[in-house]
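Enquirer: For reference, the file data35.cif (mmCIF, C-alpha atoms) is included below:
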```
data_upload
#
loop_
_atom_site.label_atom_id
_atom_site.label_comp_id
_atom_site.auth_asym_id
_atom_site.auth_seq_id
_atom_site.Cartn_x
_atom_site.Cartn_y
_atom_site.Cartn_z
CA MET M 955 88.04 104.98 12.91
CA SER M 956 86.82 107.75 15.20
CA GLU M 957 85.88 111.19 14.00
CA GLY M 958 88.42 113.97 13.94
CA LEU M 959 91.76 114.45 12.23
CA SER M 960 93.58 111.25 11.37
CA VAL M 961 97.25 110.95 12.32
CA SER M 962 99.91 108.83 10.64
CA ILE M 963 102.97 107.98 12.73
CA ILE M 964 105.95 106.76 10.72
CA THR M 965 108.56 104.57 12.38
CA VAL M 966 111.77 103.85 10.48
CA SER M 967 113.79 100.89 11.70
CA PHE M 968 116.88 98.80 10.98
CA ASN M 969 118.12 96.07 13.32
CA SER M 970 116.07 97.65 16.11
CA GLU M 971 115.09 94.56 18.09
CA ALA M 972 116.39 96.08 21.35
CA THR M 973 114.12 99.15 21.24
CA ILE M 974 111.28 98.91 18.74
CA ARG M 975 108.86 97.18 21.10
CA GLY M 976 108.84 100.27 23.30
CA THR M 977 108.13 102.44 20.25
CA LEU M 978 105.26 100.22 19.13
CA GLU M 979 103.78 100.15 22.63
CA SER M 980 104.13 103.92 22.89
CA VAL M 981 101.97 104.44 19.81
CA ARG M 982 99.51 101.70 20.74
CA ASN M 983 99.00 103.25 24.20
CA GLN M 984 97.98 106.66 22.89
CA ASN M 985 94.49 107.62 24.03
CA TYR M 986 93.66 109.17 20.65
CA GLU M 987 92.02 106.54 18.48
CA ASN M 988 92.43 107.82 14.93
CA ILE M 989 96.07 106.80 14.50
CA GLU M 990 97.69 104.91 11.64
CA HIS M 991 101.14 103.50 12.50
CA VAL M 992 103.33 102.98 9.42
CA VAL M 993 106.53 100.96 9.91
CA VAL M 994 109.33 101.16 7.32
CA ASP M 995 112.10 98.65 7.96
CA GLY M 996 115.32 98.46 5.98
CA ALA M 997 115.33 94.65 5.74
CA SER M 998 116.61 94.07 9.27
CA LYS M 999 118.75 91.00 9.91
CA ASP M 1000 117.71 90.60 13.55
CA GLN M 1001 114.30 90.03 15.17
CA THR M 1002 112.88 93.48 14.39
CA ILE M 1003 110.24 92.27 11.94
CA SER M 1004 109.27 89.37 14.20
CA ILE M 1005 108.53 91.90 16.93
CA VAL M 1006 106.65 94.17 14.48
CA ASN M 1007 104.54 91.19 13.40
CA GLU M 1008 103.41 90.69 17.00
CA TYR M 1009 101.69 94.10 16.67
CA ARG M 1010 100.63 93.64 13.06
CA GLU M 1011 96.89 93.68 13.72
CA GLY M 1012 97.02 97.24 15.02
CA LEU M 1013 99.41 98.62 12.41
CA GLY M 1014 98.88 100.30 9.07
CA THR M 1015 101.32 99.70 6.23
CA VAL M 1016 104.44 97.69 7.06
CA ILE M 1017 107.34 97.81 4.60
CA SER M 1018 110.48 95.69 4.98
CA GLU M 1019 112.94 96.02 2.13
CA PRO M 1020 116.40 97.46 1.46
CA ASP M 1021 116.50 101.23 1.20
CA GLN M 1022 118.93 104.02 0.39
CA GLY M 1023 119.17 105.27 3.96
CA LEU M 1024 117.14 107.00 6.66
CA TYR M 1025 115.54 109.68 4.52
CA ASP M 1026 114.64 107.27 1.74
CA ALA M 1027 112.81 105.23 4.38
CA MET M 1028 111.06 108.35 5.71
CA ASN M 1029 109.93 109.21 2.19
CA LYS M 1030 108.49 105.73 1.79
CA GLY M 1031 106.60 106.25 5.03
CA VAL M 1032 105.23 109.60 3.91
CA SER M 1033 104.08 108.10 0.61
CA ALA M 1034 102.35 105.23 2.43
CA SER M 1035 100.61 107.48 4.97
CA THR M 1036 96.90 108.22 4.65
CA GLY M 1037 96.37 110.47 7.67
CA ASP M 1038 95.67 114.20 7.75
CA ILE M 1039 98.76 114.75 9.91
CA ILE M 1040 102.15 113.03 9.80
CA GLY M 1041 104.62 112.54 12.65
CA ILE M 1042 107.88 110.58 12.65
CA LEU M 1043 108.81 108.47 15.67
CA ASN M 1044 112.03 106.54 15.19
CA SER M 1045 112.51 103.02 16.46
CA ASP M 1046 114.54 104.03 19.53
CA ASP M 1047 112.20 106.87 20.56
CA PHE M 1048 108.88 106.87 22.39
CA PHE M 1049 106.16 109.33 23.32
CA GLU M 1050 106.49 111.05 26.68
CA SER M 1051 102.90 110.27 27.69
CA ASP M 1052 99.74 108.60 26.42
CA ASP M 1053 98.03 111.89 25.52
CA VAL M 1054 100.69 113.33 23.20
CA ILE M 1055 98.76 112.76 19.97
CA ALA M 1056 95.52 114.02 21.48
CA ALA M 1057 97.30 117.22 22.55
CA VAL M 1058 98.84 117.71 19.10
CA VAL M 1059 95.52 117.17 17.33
CA LYS M 1060 93.85 119.70 19.62
CA VAL M 1061 96.36 122.36 18.51
CA PHE M 1062 95.63 121.63 14.85
CA GLU M 1063 91.89 121.73 15.50
CA ASN M 1064 92.14 125.02 17.37
CA HIS M 1065 94.33 126.57 14.65
CA PRO M 1066 93.08 125.32 11.27
CA GLU M 1067 95.34 127.83 9.50
CA ILE M 1068 98.59 126.15 10.62
CA ASP M 1069 100.49 123.33 8.91
CA VAL M 1070 103.17 122.54 11.51
CA VAL M 1071 103.11 121.83 15.25
CA PHE M 1072 106.24 121.12 17.26
CA GLY M 1073 107.10 120.57 20.90
CA ASP M 1074 110.05 119.56 23.07
CA VAL M 1075 112.24 116.47 23.33
CA VAL M 1076 114.35 115.02 26.12
CA PHE M 1077 117.34 112.76 25.57
CA VAL M 1078 117.72 109.92 28.04
CA GLU M 1079 120.33 107.33 28.96
CA PRO M 1080 119.81 104.21 26.81
CA LYS M 1081 120.07 101.98 29.89
CA ASN M 1082 118.10 104.28 32.19
CA LEU M 1083 115.14 105.84 30.41
CA GLU M 1084 114.29 107.96 33.45
CA LYS M 1085 117.67 109.73 33.45
CA ILE M 1086 117.51 112.85 31.30
CA THR M 1087 120.82 113.89 29.72
CA ARG M 1088 119.61 116.80 27.60
CA TYR M 1089 116.47 118.91 27.23
CA TYR M 1090 115.82 120.09 23.66
CA ARG M 1091 113.35 122.95 24.02
CA SER M 1092 111.81 124.33 20.83
CA GLY M 1093 110.07 127.31 22.40
CA HIS M 1094 112.88 129.73 21.59
CA PHE M 1095 112.77 128.86 17.90
CA ARG M 1096 111.98 131.42 15.21
CA PRO M 1097 112.37 130.73 11.47
CA TRP M 1098 115.20 133.26 11.05
CA LYS M 1099 117.27 131.17 13.46
CA LEU M 1100 117.61 128.47 10.83
CA ARG M 1101 120.42 130.59 9.38
CA PHE M 1102 122.28 130.06 12.66
CA GLY M 1103 121.84 126.30 12.86
CA TRP M 1104 118.70 126.22 14.98
CA MET M 1105 115.72 124.02 14.22
CA PRO M 1106 112.73 122.71 16.17
CA ALA M 1107 112.97 119.16 17.49
CA HIS M 1108 112.16 117.05 14.43
CA PRO M 1109 110.96 113.97 16.38
CA ALA M 1110 108.44 116.23 18.13
CA THR M 1111 107.18 117.82 14.89
CA PHE M 1112 103.84 117.06 13.24
CA VAL M 1113 102.95 118.30 9.76
CA ARG M 1114 99.81 118.26 7.65
CA THR M 1115 100.05 115.73 4.84
CA SER M 1116 98.92 118.45 2.44
CA ALA M 1117 102.11 120.39 3.29
CA TYR M 1118 104.30 117.44 2.28
CA LYS M 1119 102.42 117.29 -1.01
CA ARG M 1120 103.11 120.98 -1.64
CA VAL M 1121 106.69 121.17 -0.42
CA GLY M 1122 108.04 117.75 -1.38
CA MET M 1123 109.96 114.94 0.27
CA TYR M 1124 113.20 114.64 2.27
CA ARG M 1125 116.37 114.98 0.22
CA GLN M 1126 118.29 111.75 -0.08
CA ASP M 1127 121.61 113.39 -0.93
CA MET M 1128 122.04 114.48 2.70
CA ARG M 1129 123.13 111.94 5.28
CA ILE M 1130 122.27 113.78 8.52
CA SER M 1131 120.50 117.07 7.80
CA ALA M 1132 117.67 116.38 5.36
CA ASP M 1133 115.24 117.11 8.19
CA TYR M 1134 116.95 120.47 8.70
CA GLU M 1135 116.71 121.21 4.98
CA MET M 1136 113.03 120.33 5.14
CA PHE M 1137 112.49 122.90 7.90
CA VAL M 1138 114.20 125.50 5.69
CA ARG M 1139 111.74 124.72 2.91
CA TRP M 1140 108.74 124.55 5.24
CA LEU M 1141 109.35 127.70 7.26
CA LEU M 1142 111.64 129.99 5.24
CA VAL M 1143 110.85 129.16 1.62
CA GLU M 1144 107.16 128.24 1.82
CA LYS M 1145 106.56 130.17 5.07
CA LEU M 1146 104.18 127.58 6.46
CA ARG M 1147 102.38 128.67 9.61
CA TYR M 1148 103.32 126.84 12.79
CA GLU M 1149 102.47 126.59 16.46
CA TYR M 1150 104.66 125.61 19.40
CA LEU M 1151 103.18 123.17 21.93
CA PRO M 1152 105.01 123.90 25.22
CA ARG M 1153 105.54 120.40 26.57
CA VAL M 1154 107.82 117.40 26.14
CA LEU M 1155 106.37 115.15 23.46
CA VAL M 1156 109.11 112.56 22.87
CA ARG M 1157 111.92 110.80 24.73
CA MET M 1158 114.97 109.88 22.66
CA ARG M 1159 117.81 107.58 23.59
CA SER M 1160 121.15 109.39 23.42
CA GLY M 1161 123.63 108.39 20.74
CA GLY M 1162 121.90 108.99 17.39
CA VAL M 1163 123.83 109.55 14.17
CA SER M 1164 123.56 113.35 14.36
CA THR M 1165 124.86 113.48 17.95
CA SER M 1166 127.66 110.92 17.89
CA GLY M 1167 131.23 112.07 17.38
CA VAL M 1168 133.27 114.88 15.91
CA LYS M 1169 133.02 113.63 12.33
CA SER M 1170 129.24 113.58 12.53
CA SER M 1171 129.25 117.09 13.98
CA ILE M 1172 131.42 118.38 11.14
CA ARG M 1173 129.21 116.75 8.53
CA LEU M 1174 126.08 118.04 10.28
CA ASN M 1175 127.23 121.67 10.24
CA ARG M 1176 128.41 121.50 6.64
CA GLU M 1177 125.08 120.07 5.57
CA ILE M 1178 123.25 122.80 7.49
CA VAL M 1179 125.13 125.47 5.53
CA ARG M 1180 124.37 123.64 2.31
CA ALA M 1181 120.68 123.26 3.22
CA CYS M 1182 120.36 127.03 3.60
CA ARG M 1183 122.40 128.00 0.56
CA ASP M 1184 120.61 125.53 -1.74
CA ASN M 1185 117.37 127.28 -0.82
CA GLY M 1186 118.67 130.80 -1.31
CA VAL M 1187 119.10 131.50 2.42
CA TYR M 1188 122.37 133.19 3.35
CA THR M 1189 124.49 131.68 6.10
CA ASN M 1190 128.08 130.58 6.73
CA ILE M 1191 129.88 128.16 9.00
CA LEU M 1192 130.60 130.85 11.62
CA PHE M 1193 126.89 131.65 11.86
CA VAL M 1194 126.13 127.98 12.40
CA LEU M 1195 128.91 127.40 14.95
CA SER M 1196 127.63 130.33 17.03
CA LYS M 1197 124.90 128.03 18.39
CA ILE M 1198 127.37 125.74 20.21
CA PRO M 1199 127.48 127.58 23.58
CA PHE M 1200 123.68 127.63 23.70
CA LYS M 1201 123.50 123.95 22.78
CA LEU M 1202 125.82 123.13 25.67
CA MET M 1203 123.32 124.79 28.01
CA GLU M 1204 120.78 122.15 26.99
CA LEU M 1205 122.87 119.64 28.92
CA LEU M 1206 122.09 121.56 32.11
CA ARG M 1207 118.46 122.45 31.44
CA ARG M 1208 115.63 120.21 32.60
CA PRO M 1209 111.85 120.29 32.02
CA LYS M 1210 109.85 122.01 34.73
#
```
Can you present the structure in this file as structure tokens?
Expert:
Amino acid sequence: MSEGLSVSIITVSFNSEATIRGTLESVRNQNYENIEHVVVDGASKDQTISIVNEYREGLGTVISEPDQGLYDAMNKGVSASTGDIIGILNSDDFFESDDVIAAVVKVFENHPEIDVVFGDVVFVEPKNLEKITRYYRSGHFRPWKLRFGWMPAHPATFVRTSAYKRVGMYRQDMRISADYEMFVRWLLVEKLRYEYLPRVLVRMRSGGVSTSGVKSSIRLNREIVRACRDNGVYTNILFVLSKIPFKLMELLRRPK
């Protein structure tokens, strides 16, 4: 391994044969050498693991077994990671460019006092990865905005492993918003220091569980309220719903 901070990228998958190759290639193509890629698969029934095995030589830990859902799998990945920094890249996402990890590491190296770095995400059409449907910019984020339903883009967030050890794992009693609850703990409860990296780090295919349908939206907002209240942060559903007009603007915004 090369000198410098080590980075663990966790990829959670389940029946991801259509997309996981792009994710694996995206990590493999990074021009930063000190990367450990941890794959946590929920005992896929398709060819996902066969594809993962094609890349096995360059991977770190590979787990394939039944789990209790997305956040259980993420927790397994965190526990298996050995890097100084942890990022989570799901099996239908990929890095925007080959220098993403190098850029993230540079921020951590330039700011040794911080525990969290986050950037921007673009959503793309699943059948046309060049067509951007939404630009999720994290630059406007401030921790107090968590009370109003705002969070940085989780897929473009990198955290020191030591912070996970202090703050704990993702809650498994939330179906959609355990990442949100984690941001509440990181930035409002523990007040971890963070830095925003002003560039797109990840491309995501549209249609994830937290963005698909009215029922998911209702559950998402209820879990956001619960995430705040369980950590002693006051909010209510009206506070959280106030973000909707601004979220709609993301459909019109594009990276410069």
Enquirer: State, in Å with one decimal place, the distance from atom CA of Val961 of chain M to atom CA of Ile1055 of chain M.
Expert: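 We find that atom CA of Val961 of chain M and atom CA of Ile1055 of chain M lie 8.0 Å from each other.
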Enquirer: Rank nothing, just name the residue among M:Val1059, M:Ile1130, M:Ile1172, M:Ala1181 nearest to Leu1195 of chain M, using only C-alpha atoms.
Expert: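 Once distances to Leu1195 of chain M are computed over only C-alpha atoms, the minimum belongs to M:Ile1172.
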Enquirer: Go through M:Gln1022, M:Ser1045, M:Asn988, M:Thr1015 one by one, measure the shortest atom-to-atom distance of each to Glu971 of chain M using all atoms listed in the file, and give the residue with the smallest value.
Expert: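 For Glu971 of chain M, the nearest of the given residues is M:Ser1045.
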Enquirer: Near Ser1160 of chain M, counting all atoms listed in the file, which residues have an atom at most 6 Å away, once you skip same-chain residues fewer than 5 positions from it, shown as an MDAnalysis selection string?
Expert: chainID M and resid 1077:1079
Enquirer: Could you tell me which residues the PyMOL selection byres ((chain M and resi 1023) around 10) grabs in this file, written as a VMD selection string?
Expert: chain M and resid 966 968 996 1020 to 1022 1024 to 1028 1126 to 1129
Enquirer: Evaluate the PyMOL selection byres ((chain M and resi 1105-1122) around 6) on the structure here and hand back the selected residues as a list in words.
Expert: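 This file, filtered by the PyMOL selection byres ((chain M and resi 1105-1122) around 6), leaves Asp1038, Ile1039, Ile1040, Gly1041, Ile1042, Leu1043, Asp1069, Val1070, Val1071, Phe1072, Gly1073, Ser1092, Leu1100, Trp1104, Met1123 and Leu1155 of chain M.
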Enquirer: Figure out the distance between atom CA of Asn1029 of chain M and atom CA of Lys999 of chain M, please, to one decimal in Å.
Expert: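 Rounded to one decimal, the two atoms are 21.7 Å apart.
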Enquirer: Would you please work out which residue, of M:Val1143, M:Ile1017, M:Val1006, M:Leu1151, is nearest to Phe1095 of chain M when using all atoms listed in the file?
Expert: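 Selected residue with least distance to Phe1095 of chain M: M:Leu1151.
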Enquirer: Would you mind reading off the distance between atom CA of Gly1037 of chain M and atom CA of Glu1011 of chain M, one decimal, in Å?
Expert: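 Computing the Euclidean distance for atom CA of Gly1037 of chain M and atom CA of Glu1011 of chain M yields 17.9 Å.
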Enquirer: What do you get, as a list of chain:residue names, if you spell out every residue that the PyMOL selection byres ((chain M and resi 1152) around 8) selects here?
Expert: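 Taken on the displayed file, the PyMOL selection byres ((chain M and resi 1152) around 8) yields the residues M:Gly1073, M:Asp1074, M:Gly1093, M:Tyr1150, M:Leu1151, M:Arg1153, M:Val1154.
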